[in-house]
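Here's the structure we're looking at; comments come further down.
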Amino acid sequence: MKRTASILILFLSITNLFAQSEKINFKTFEKDYMVEILPEGQKKTLNDFVGTKGPQDIFAYSIGKYEVTQELYQAVMGTNPSEFKGPKLPVEQVTWYDAVYFCNELTKVTMGAENCCYTITDISKNDDGNITRATVTWEQSKKGYRLPTEAEWEMAARGGTKGGWDYEYSGSNSVGEIAWYGGNSNDKTHDVGTKQPNKAGLYDMSGNVWEWCWNTWTWSEDSSDRVFRGGSWDINLYEYFCTVSYRNDGYPDSRYDDLGFRVCRSL
């Protein structure tokens with residue numbers, strides 16, 4: 001009986017926590033949640049990109065002001081896989097496949113299915129119903145929500161066209177000003193947007209949770225691993241992992257309690 005009561009109290013507390021979250025207005029999602037990094041009709045070549053493919057041409061795009069929160073993920077997907085619970089906390093424990101699937105679902109509720117960027121086929125799932133393998137194709141003419149390329153992520157993290165390219169972290173040379181990282185996180189995630197933004201007005205590009213990108217580590221179509229950037233709250237990580245130049249990668253079906261994502265959109 002005591003155990004049943006404890007479970008009920010836990011359920012009610014979590015239910016009450018998410019009842020306090022704000023309702024997502026999908027009609028104004030672009031205005032409320034996205035930041036224009038490169039205006040429509042413009043192009044920038046990123047010559048000092050730290051990836052392995054050399055100079056990258058970047059075309060007009062916007063990117064999420066915040067990492068995808070649990071309240072947004074819940075509103076779109078009807079579920080929340082996160083280890084740490086809270087409406088304004090970044091969603092984590094999401095795979096790369098989860099992230100691209102979310103992007104399509106967000107596009108459907110904000111812009112319509114005809115604007116979805118990704119075609120997902122050849123899907124294999126485990127006994128829990130999670131995708132373990134799939135073929136994901138990006139139709140680049142589509143204007144729906146998607147993951148940023150690694151070059152787009154780095155340009156945004158460095159402040160876009162607003163300055164701050166020489167900062168070691170996203171918006172500062174002092175990691176504690178702009179990031180929840182091992183030195184101040186108390187071994188957990190924190191509400192998005194509670195640290196100082198970078199010059200482009202983006203929060204948590206350094207720290208809190210790592211962020212999935214579209215690209216593979218080697219840029220090879222034969223490679224299955226995917227890049228994530230930005231560092232995280234993990235108490236065991238060095239500050240260097242939160243720099244705008246640090247790269248990390250994992251299998252697309254990997255899920256960790258310090259790994260999430262933010263969305264992007266071509267303009």
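Letters A, B, ... go to the chains of the structure tokens in the order shown; residues in each chain start at 1; ligands are counted from 1 in the same order.
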Within 7 Å of Met205 of chain A using only C-alpha atoms, minus same-chain residues under 3 positions, as a PDB file with all heavy atoms, in the first residue's frame:
ATOM      1  N   ALA A 157      26.370  29.268 -33.364  1.00  0.00           N
ATOM      2  CA  ALA A 157      27.038  29.281 -32.058  1.00  0.00           C
ATOM      3  C   ALA A 157      28.041  30.423 -31.948  1.00  0.00           C
ATOM      4  O   ALA A 157      28.244  30.971 -30.861  1.00  0.00           O
ATOM      5  CB  ALA A 157      27.737  27.950 -31.819  1.00  0.00           C
ATOM      6  N   SER A 170      30.148  29.945 -26.745  1.00  0.00           N
ATOM      7  CA  SER A 170      29.116  30.623 -27.522  1.00  0.00           C
ATOM      8  C   SER A 170      28.621  31.873 -26.796  1.00  0.00           C
ATOM      9  O   SER A 170      27.651  31.829 -26.037  1.00  0.00           O
ATOM     10  CB  SER A 170      27.941  29.677 -27.788  1.00  0.00           C
ATOM     11  OG  SER A 170      26.951  30.326 -28.560  1.00  0.00           O
ATOM     12  N   LEU A 202      20.921  33.514 -29.059  1.00  0.00           N
ATOM     13  CA  LEU A 202      20.695  32.082 -28.851  1.00  0.00           C
ATOM     14  C   LEU A 202      21.213  31.667 -27.480  1.00  0.00           C
ATOM     15  O   LEU A 202      22.277  32.111 -27.047  1.00  0.00           O
ATOM     16  CB  LEU A 202      21.396  31.260 -29.933  1.00  0.00           C
ATOM     17  CG  LEU A 202      21.069  31.625 -31.383  1.00  0.00           C
ATOM     18  CD1 LEU A 202      21.914  30.793 -32.332  1.00  0.00           C
ATOM     19  CD2 LEU A 202      19.581  31.441 -31.669  1.00  0.00           C
ATOM     20  N   GLY A 230      28.468  21.226 -28.774  1.00  0.00           N
ATOM     21  CA  GLY A 230      28.076  22.168 -27.736  1.00  0.00           C
ATOM     22  C   GLY A 230      28.399  21.819 -26.306  1.00  0.00           C
ATOM     23  O   GLY A 230      28.317  22.666 -25.437  1.00  0.00           O
TER      24      GLY A 230
END
- Message: If you run DSSP on the backbone here, which positions in segment 57-206 of chain A get helix (DSSP H, G or I)? Please write them as an NGL selection string.
- Response: :A and (70-77 or 96-110 or 113-115 or 150-157 or 175-178)
Extract, using only C-alpha atoms, all DNA, RNA and protein residues at most 12 Å from segment 121-127 of chain A, discarding same-chain residues fewer than 5 positions from it, and format them as a PDB file with N, CA, C and O atoms, in the first residue's frame.
ATOM      1  N   TYR A  97      17.523   9.588 -34.666  1.00  0.00           N
ATOM      2  CA  TYR A  97      16.288   9.219 -35.359  1.00  0.00           C
ATOM      3  C   TYR A  97      15.081   9.904 -34.717  1.00  0.00           C
ATOM      4  O   TYR A  97      14.187  10.384 -35.420  1.00  0.00           O
ATOM      5  N   ASP A  98      15.045   9.943 -33.393  1.00  0.00           N
ATOM      6  CA  ASP A  98      13.960  10.649 -32.698  1.00  0.00           C
ATOM      7  C   ASP A  98      13.921  12.111 -33.125  1.00  0.00           C
ATOM      8  O   ASP A  98      12.843  12.684 -33.321  1.00  0.00           O
ATOM      9  N   TYR A 101      12.624  12.597 -36.716  1.00  0.00           N
ATOM     10  CA  TYR A 101      11.191  12.288 -36.717  1.00  0.00           C
ATOM     11  C   TYR A 101      10.410  13.448 -36.100  1.00  0.00           C
ATOM     12  O   TYR A 101       9.359  13.848 -36.616  1.00  0.00           O
ATOM     13  N   THR A 132      16.070   1.654 -34.493  1.00  0.00           N
ATOM     14  CA  THR A 132      17.477   1.308 -34.356  1.00  0.00           C
ATOM     15  C   THR A 132      18.235   1.483 -35.667  1.00  0.00           C
ATOM     16  O   THR A 132      19.460   1.576 -35.668  1.00  0.00           O
ATOM     17  N   ARG A 133      17.497   1.516 -36.769  1.00  0.00           N
ATOM     18  CA  ARG A 133      18.127   1.721 -38.079  1.00  0.00           C
ATOM     19  C   ARG A 133      17.058   2.225 -39.047  1.00  0.00           C
ATOM     20  O   ARG A 133      15.907   1.811 -38.990  1.00  0.00           O
ATOM     21  N   ALA A 134      17.462   3.139 -39.922  1.00  0.00           N
ATOM     22  CA  ALA A 134      16.547   3.666 -40.929  1.00  0.00           C
ATOM     23  C   ALA A 134      17.349   4.399 -41.996  1.00  0.00           C
ATOM     24  O   ALA A 134      18.498   4.795 -41.767  1.00  0.00           O
ATOM     25  N   THR A 135      16.731   4.587 -43.134  1.00  0.00           N
ATOM     26  CA  THR A 135      17.309   5.421 -44.185  1.00  0.00           C
ATOM     27  C   THR A 135      16.596   6.769 -44.149  1.00  0.00           C
ATOM     28  O   THR A 135      15.370   6.829 -44.289  1.00  0.00           O
ATOM     29  N   VAL A 136      17.365   7.827 -43.916  1.00  0.00           N
ATOM     30  CA  VAL A 136      16.786   9.173 -43.819  1.00  0.00           C
ATOM     31  C   VAL A 136      17.335  10.027 -44.963  1.00  0.00           C
ATOM     32  O   VAL A 136      18.545  10.202 -45.098  1.00  0.00           O
ATOM     33  N   THR A 137      16.426  10.555 -45.773  1.00  0.00           N
ATOM     34  CA  THR A 137      16.797  11.402 -46.913  1.00  0.00           C
ATOM     35  C   THR A 137      16.291  12.813 -46.675  1.00  0.00           C
ATOM     36  O   THR A 137      15.129  13.012 -46.291  1.00  0.00           O
ATOM     37  N   TRP A 138      17.156  13.782 -46.882  1.00  0.00           N
ATOM     38  CA  TRP A 138      16.806  15.190 -46.702  1.00  0.00           C
ATOM     39  C   TRP A 138      16.544  15.811 -48.066  1.00  0.00           C
ATOM     40  O   TRP A 138      17.429  15.887 -48.903  1.00  0.00           O
ATOM     41  N   ASP A 253      21.329   5.795 -33.089  1.00  0.00           N
ATOM     42  CA  ASP A 253      20.356   5.266 -32.137  1.00  0.00           C
ATOM     43  C   ASP A 253      20.822   5.423 -30.687  1.00  0.00           C
ATOM     44  O   ASP A 253      20.223   4.868 -29.768  1.00  0.00           O
TER      45      ASP A 253
END
At a cut-off of 8 Å, can you tabulate as CSV every residue of segment 84-139 of chain A near segment 61-77 of chain A together with its closest atom pair and the distance in Å to one decimal, using only C-alpha atoms and ordering rows by chain then number?
residue,atom,partner,partner_atom,distance
A:Lys85,CA,A:Gln70,CA,7.7
A:Gly86,CA,A:Gln70,CA,6.7
A:Pro87,CA,A:Glu71,CA,4.5
A:Lys88,CA,A:Thr69,CA,5.5
A:Leu89,CA,A:Thr69,CA,5.5
A:Pro90,CA,A:Thr69,CA,4.2
A:Val91,CA,A:Gln70,CA,4.7
A:Phe102,CA,A:Met77,CA,7.0
A:Glu105,CA,A:Val76,CA,6.6
A:Leu106,CA,A:Val76,CA,6.2
A:Val109,CA,A:Val76,CA,7.9
Those residues with all heavy atoms, as a PDB file, in the first residue's frame please?
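Generated output (again_21.pdb):
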ATOM      1  N   LYS A  85      13.087  15.678 -15.322  1.00  0.00           N
ATOM      2  CA  LYS A  85      11.759  16.118 -15.738  1.00  0.00           C
ATOM      3  C   LYS A  85      11.512  17.582 -15.403  1.00  0.00           C
ATOM      4  O   LYS A  85      11.827  18.048 -14.315  1.00  0.00           O
ATOM      5  CB  LYS A  85      10.681  15.263 -15.063  1.00  0.00           C
ATOM      6  CG  LYS A  85      10.752  13.768 -15.376  1.00  0.00           C
ATOM      7  CD  LYS A  85      10.527  13.464 -16.847  1.00  0.00           C
ATOM      8  CE  LYS A  85      10.456  11.953 -17.066  1.00  0.00           C
ATOM      9  NZ  LYS A  85      10.346  11.610 -18.503  1.00  0.00           N
ATOM     10  N   GLY A  86      10.936  18.298 -16.373  1.00  0.00           N
ATOM     11  CA  GLY A  86      10.570  19.692 -16.184  1.00  0.00           C
ATOM     12  C   GLY A  86      10.208  20.300 -17.522  1.00  0.00           C
ATOM     13  O   GLY A  86      10.902  20.068 -18.509  1.00  0.00           O
ATOM     14  N   PRO A  87       9.131  21.079 -17.614  1.00  0.00           N
ATOM     15  CA  PRO A  87       8.676  21.600 -18.911  1.00  0.00           C
ATOM     16  C   PRO A  87       9.694  22.460 -19.633  1.00  0.00           C
ATOM     17  O   PRO A  87       9.785  22.422 -20.863  1.00  0.00           O
ATOM     18  CB  PRO A  87       7.418  22.398 -18.553  1.00  0.00           C
ATOM     19  CG  PRO A  87       7.525  22.669 -17.081  1.00  0.00           C
ATOM     20  CD  PRO A  87       8.253  21.502 -16.508  1.00  0.00           C
ATOM     21  N   LYS A  88      10.477  23.240 -18.892  1.00  0.00           N
ATOM     22  CA  LYS A  88      11.451  24.134 -19.516  1.00  0.00           C
ATOM     23  C   LYS A  88      12.851  23.520 -19.609  1.00  0.00           C
ATOM     24  O   LYS A  88      13.774  24.165 -20.106  1.00  0.00           O
ATOM     25  CB  LYS A  88      11.530  25.451 -18.733  1.00  0.00           C
ATOM     26  CG  LYS A  88      10.228  26.229 -18.676  1.00  0.00           C
ATOM     27  CD  LYS A  88       9.765  26.677 -20.052  1.00  0.00           C
ATOM     28  CE  LYS A  88       8.520  27.551 -19.939  1.00  0.00           C
ATOM     29  NZ  LYS A  88       8.008  27.942 -21.284  1.00  0.00           N
ATOM     30  N   LEU A  89      13.008  22.314 -19.113  1.00  0.00           N
ATOM     31  CA  LEU A  89      14.287  21.626 -19.260  1.00  0.00           C
ATOM     32  C   LEU A  89      14.429  21.132 -20.694  1.00  0.00           C
ATOM     33  O   LEU A  89      13.432  20.812 -21.356  1.00  0.00           O
ATOM     34  CB  LEU A  89      14.375  20.434 -18.307  1.00  0.00           C
ATOM     35  CG  LEU A  89      14.400  20.732 -16.806  1.00  0.00           C
ATOM     36  CD1 LEU A  89      14.420  19.431 -16.019  1.00  0.00           C
ATOM     37  CD2 LEU A  89      15.598  21.595 -16.443  1.00  0.00           C
ATOM     38  N   PRO A  90      15.653  21.054 -21.205  1.00  0.00           N
ATOM     39  CA  PRO A  90      15.826  20.501 -22.549  1.00  0.00           C
ATOM     40  C   PRO A  90      15.462  19.021 -22.565  1.00  0.00           C
ATOM     41  O   PRO A  90      15.733  18.292 -21.608  1.00  0.00           O
ATOM     42  CB  PRO A  90      17.317  20.711 -22.832  1.00  0.00           C
ATOM     43  CG  PRO A  90      17.953  20.768 -21.479  1.00  0.00           C
ATOM     44  CD  PRO A  90      16.942  21.415 -20.583  1.00  0.00           C
ATOM     45  N   VAL A  91      14.815  18.587 -23.625  1.00  0.00           N
ATOM     46  CA  VAL A  91      14.553  17.163 -23.770  1.00  0.00           C
ATOM     47  C   VAL A  91      15.888  16.447 -23.985  1.00  0.00           C
ATOM     48  O   VAL A  91      16.798  16.974 -24.630  1.00  0.00           O
ATOM     49  CB  VAL A  91      13.568  16.886 -24.932  1.00  0.00           C
ATOM     50  CG1 VAL A  91      14.191  17.169 -26.293  1.00  0.00           C
ATOM     51  CG2 VAL A  91      13.034  15.463 -24.865  1.00  0.00           C
ATOM     52  N   PHE A 102      10.924  13.993 -35.004  1.00  0.00           N
ATOM     53  CA  PHE A 102      10.296  15.149 -34.371  1.00  0.00           C
ATOM     54  C   PHE A 102      10.215  16.322 -35.350  1.00  0.00           C
ATOM     55  O   PHE A 102       9.187  17.019 -35.408  1.00  0.00           O
ATOM     56  CB  PHE A 102      11.081  15.563 -33.132  1.00  0.00           C
ATOM     57  CG  PHE A 102      10.645  16.878 -32.541  1.00  0.00           C
ATOM     58  CD1 PHE A 102       9.644  16.930 -31.586  1.00  0.00           C
ATOM     59  CD2 PHE A 102      11.236  18.071 -32.942  1.00  0.00           C
ATOM     60  CE1 PHE A 102       9.234  18.142 -31.038  1.00  0.00           C
ATOM     61  CE2 PHE A 102      10.830  19.287 -32.412  1.00  0.00           C
ATOM     62  CZ  PHE A 102       9.819  19.323 -31.463  1.00  0.00           C
ATOM     63  N   GLU A 105       7.321  15.910 -37.576  1.00  0.00           N
ATOM     64  CA  GLU A 105       6.053  16.079 -36.871  1.00  0.00           C
ATOM     65  C   GLU A 105       5.801  17.552 -36.533  1.00  0.00           C
ATOM     66  O   GLU A 105       4.658  18.031 -36.614  1.00  0.00           O
ATOM     67  CB  GLU A 105       6.045  15.227 -35.602  1.00  0.00           C
ATOM     68  CG  GLU A 105       6.073  13.730 -35.860  1.00  0.00           C
ATOM     69  CD  GLU A 105       4.921  13.271 -36.747  1.00  0.00           C
ATOM     70  OE1 GLU A 105       3.755  13.508 -36.371  1.00  0.00           O
ATOM     71  OE2 GLU A 105       5.194  12.685 -37.815  1.00  0.00           O
ATOM     72  N   LEU A 106       6.845  18.284 -36.150  1.00  0.00           N
ATOM     73  CA  LEU A 106       6.698  19.720 -35.890  1.00  0.00           C
ATOM     74  C   LEU A 106       6.298  20.453 -37.163  1.00  0.00           C
ATOM     75  O   LEU A 106       5.449  21.359 -37.136  1.00  0.00           O
ATOM     76  CB  LEU A 106       8.012  20.288 -35.345  1.00  0.00           C
ATOM     77  CG  LEU A 106       8.047  21.795 -35.080  1.00  0.00           C
ATOM     78  CD1 LEU A 106       7.012  22.206 -34.033  1.00  0.00           C
ATOM     79  CD2 LEU A 106       9.444  22.239 -34.645  1.00  0.00           C
ATOM     80  N   VAL A 109       2.495  20.090 -37.894  1.00  0.00           N
ATOM     81  CA  VAL A 109       1.556  20.872 -37.087  1.00  0.00           C
ATOM     82  C   VAL A 109       1.729  22.378 -37.265  1.00  0.00           C
ATOM     83  O   VAL A 109       0.849  23.152 -36.880  1.00  0.00           O
ATOM     84  CB  VAL A 109       1.668  20.515 -35.580  1.00  0.00           C
ATOM     85  CG1 VAL A 109       1.312  19.059 -35.354  1.00  0.00           C
ATOM     86  CG2 VAL A 109       3.043  20.824 -35.023  1.00  0.00           C
TER      87      VAL A 109
END
- Please run DSSP on the backbone and report, as a ChimeraX atom specification, all residues within segment 71-260 of chain A that come out as strand (DSSP E or B). /A:90,118-125,131-138,145-146,169,172,210-216,226-229,247-250,259-260
- Show which residues sit within 12 Å of Leu38 of chain A, as a list in words. Count only C-alpha atoms, and ignore same-chain residues fewer than 4 positions away.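 Selected residues are Gln42, Lys43, Lys44, Thr45, Asp57, Ile58, Phe59, Ala60, Tyr61, Ser62, Ile63, Glu152, Met155, Ala156, Gly159, Gly160, Thr161, Lys162, Ala200, Cys264, Arg265, Ser266 and Leu267 of chain A.
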- Show which residues sit within 10 Å of Asp187 of chain A, as a ChimeraX atom specification. Count only C-alpha atoms, and ignore same-chain residues fewer than 3 positions away. /A:180-184,190,233-236
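Proximity of A:Lys142, A:Asp191, A:Trp96, A:Ser185 to Ser224 of chain A, computed with only C-alpha atoms, is greatest for A:Trp96.
Distances from A:Gly201, A:Asp249, A:Thr216, A:Arg255 to Glu36 of chain A were compared using only C-alpha atoms, and the smallest one belongs to A:Gly201.
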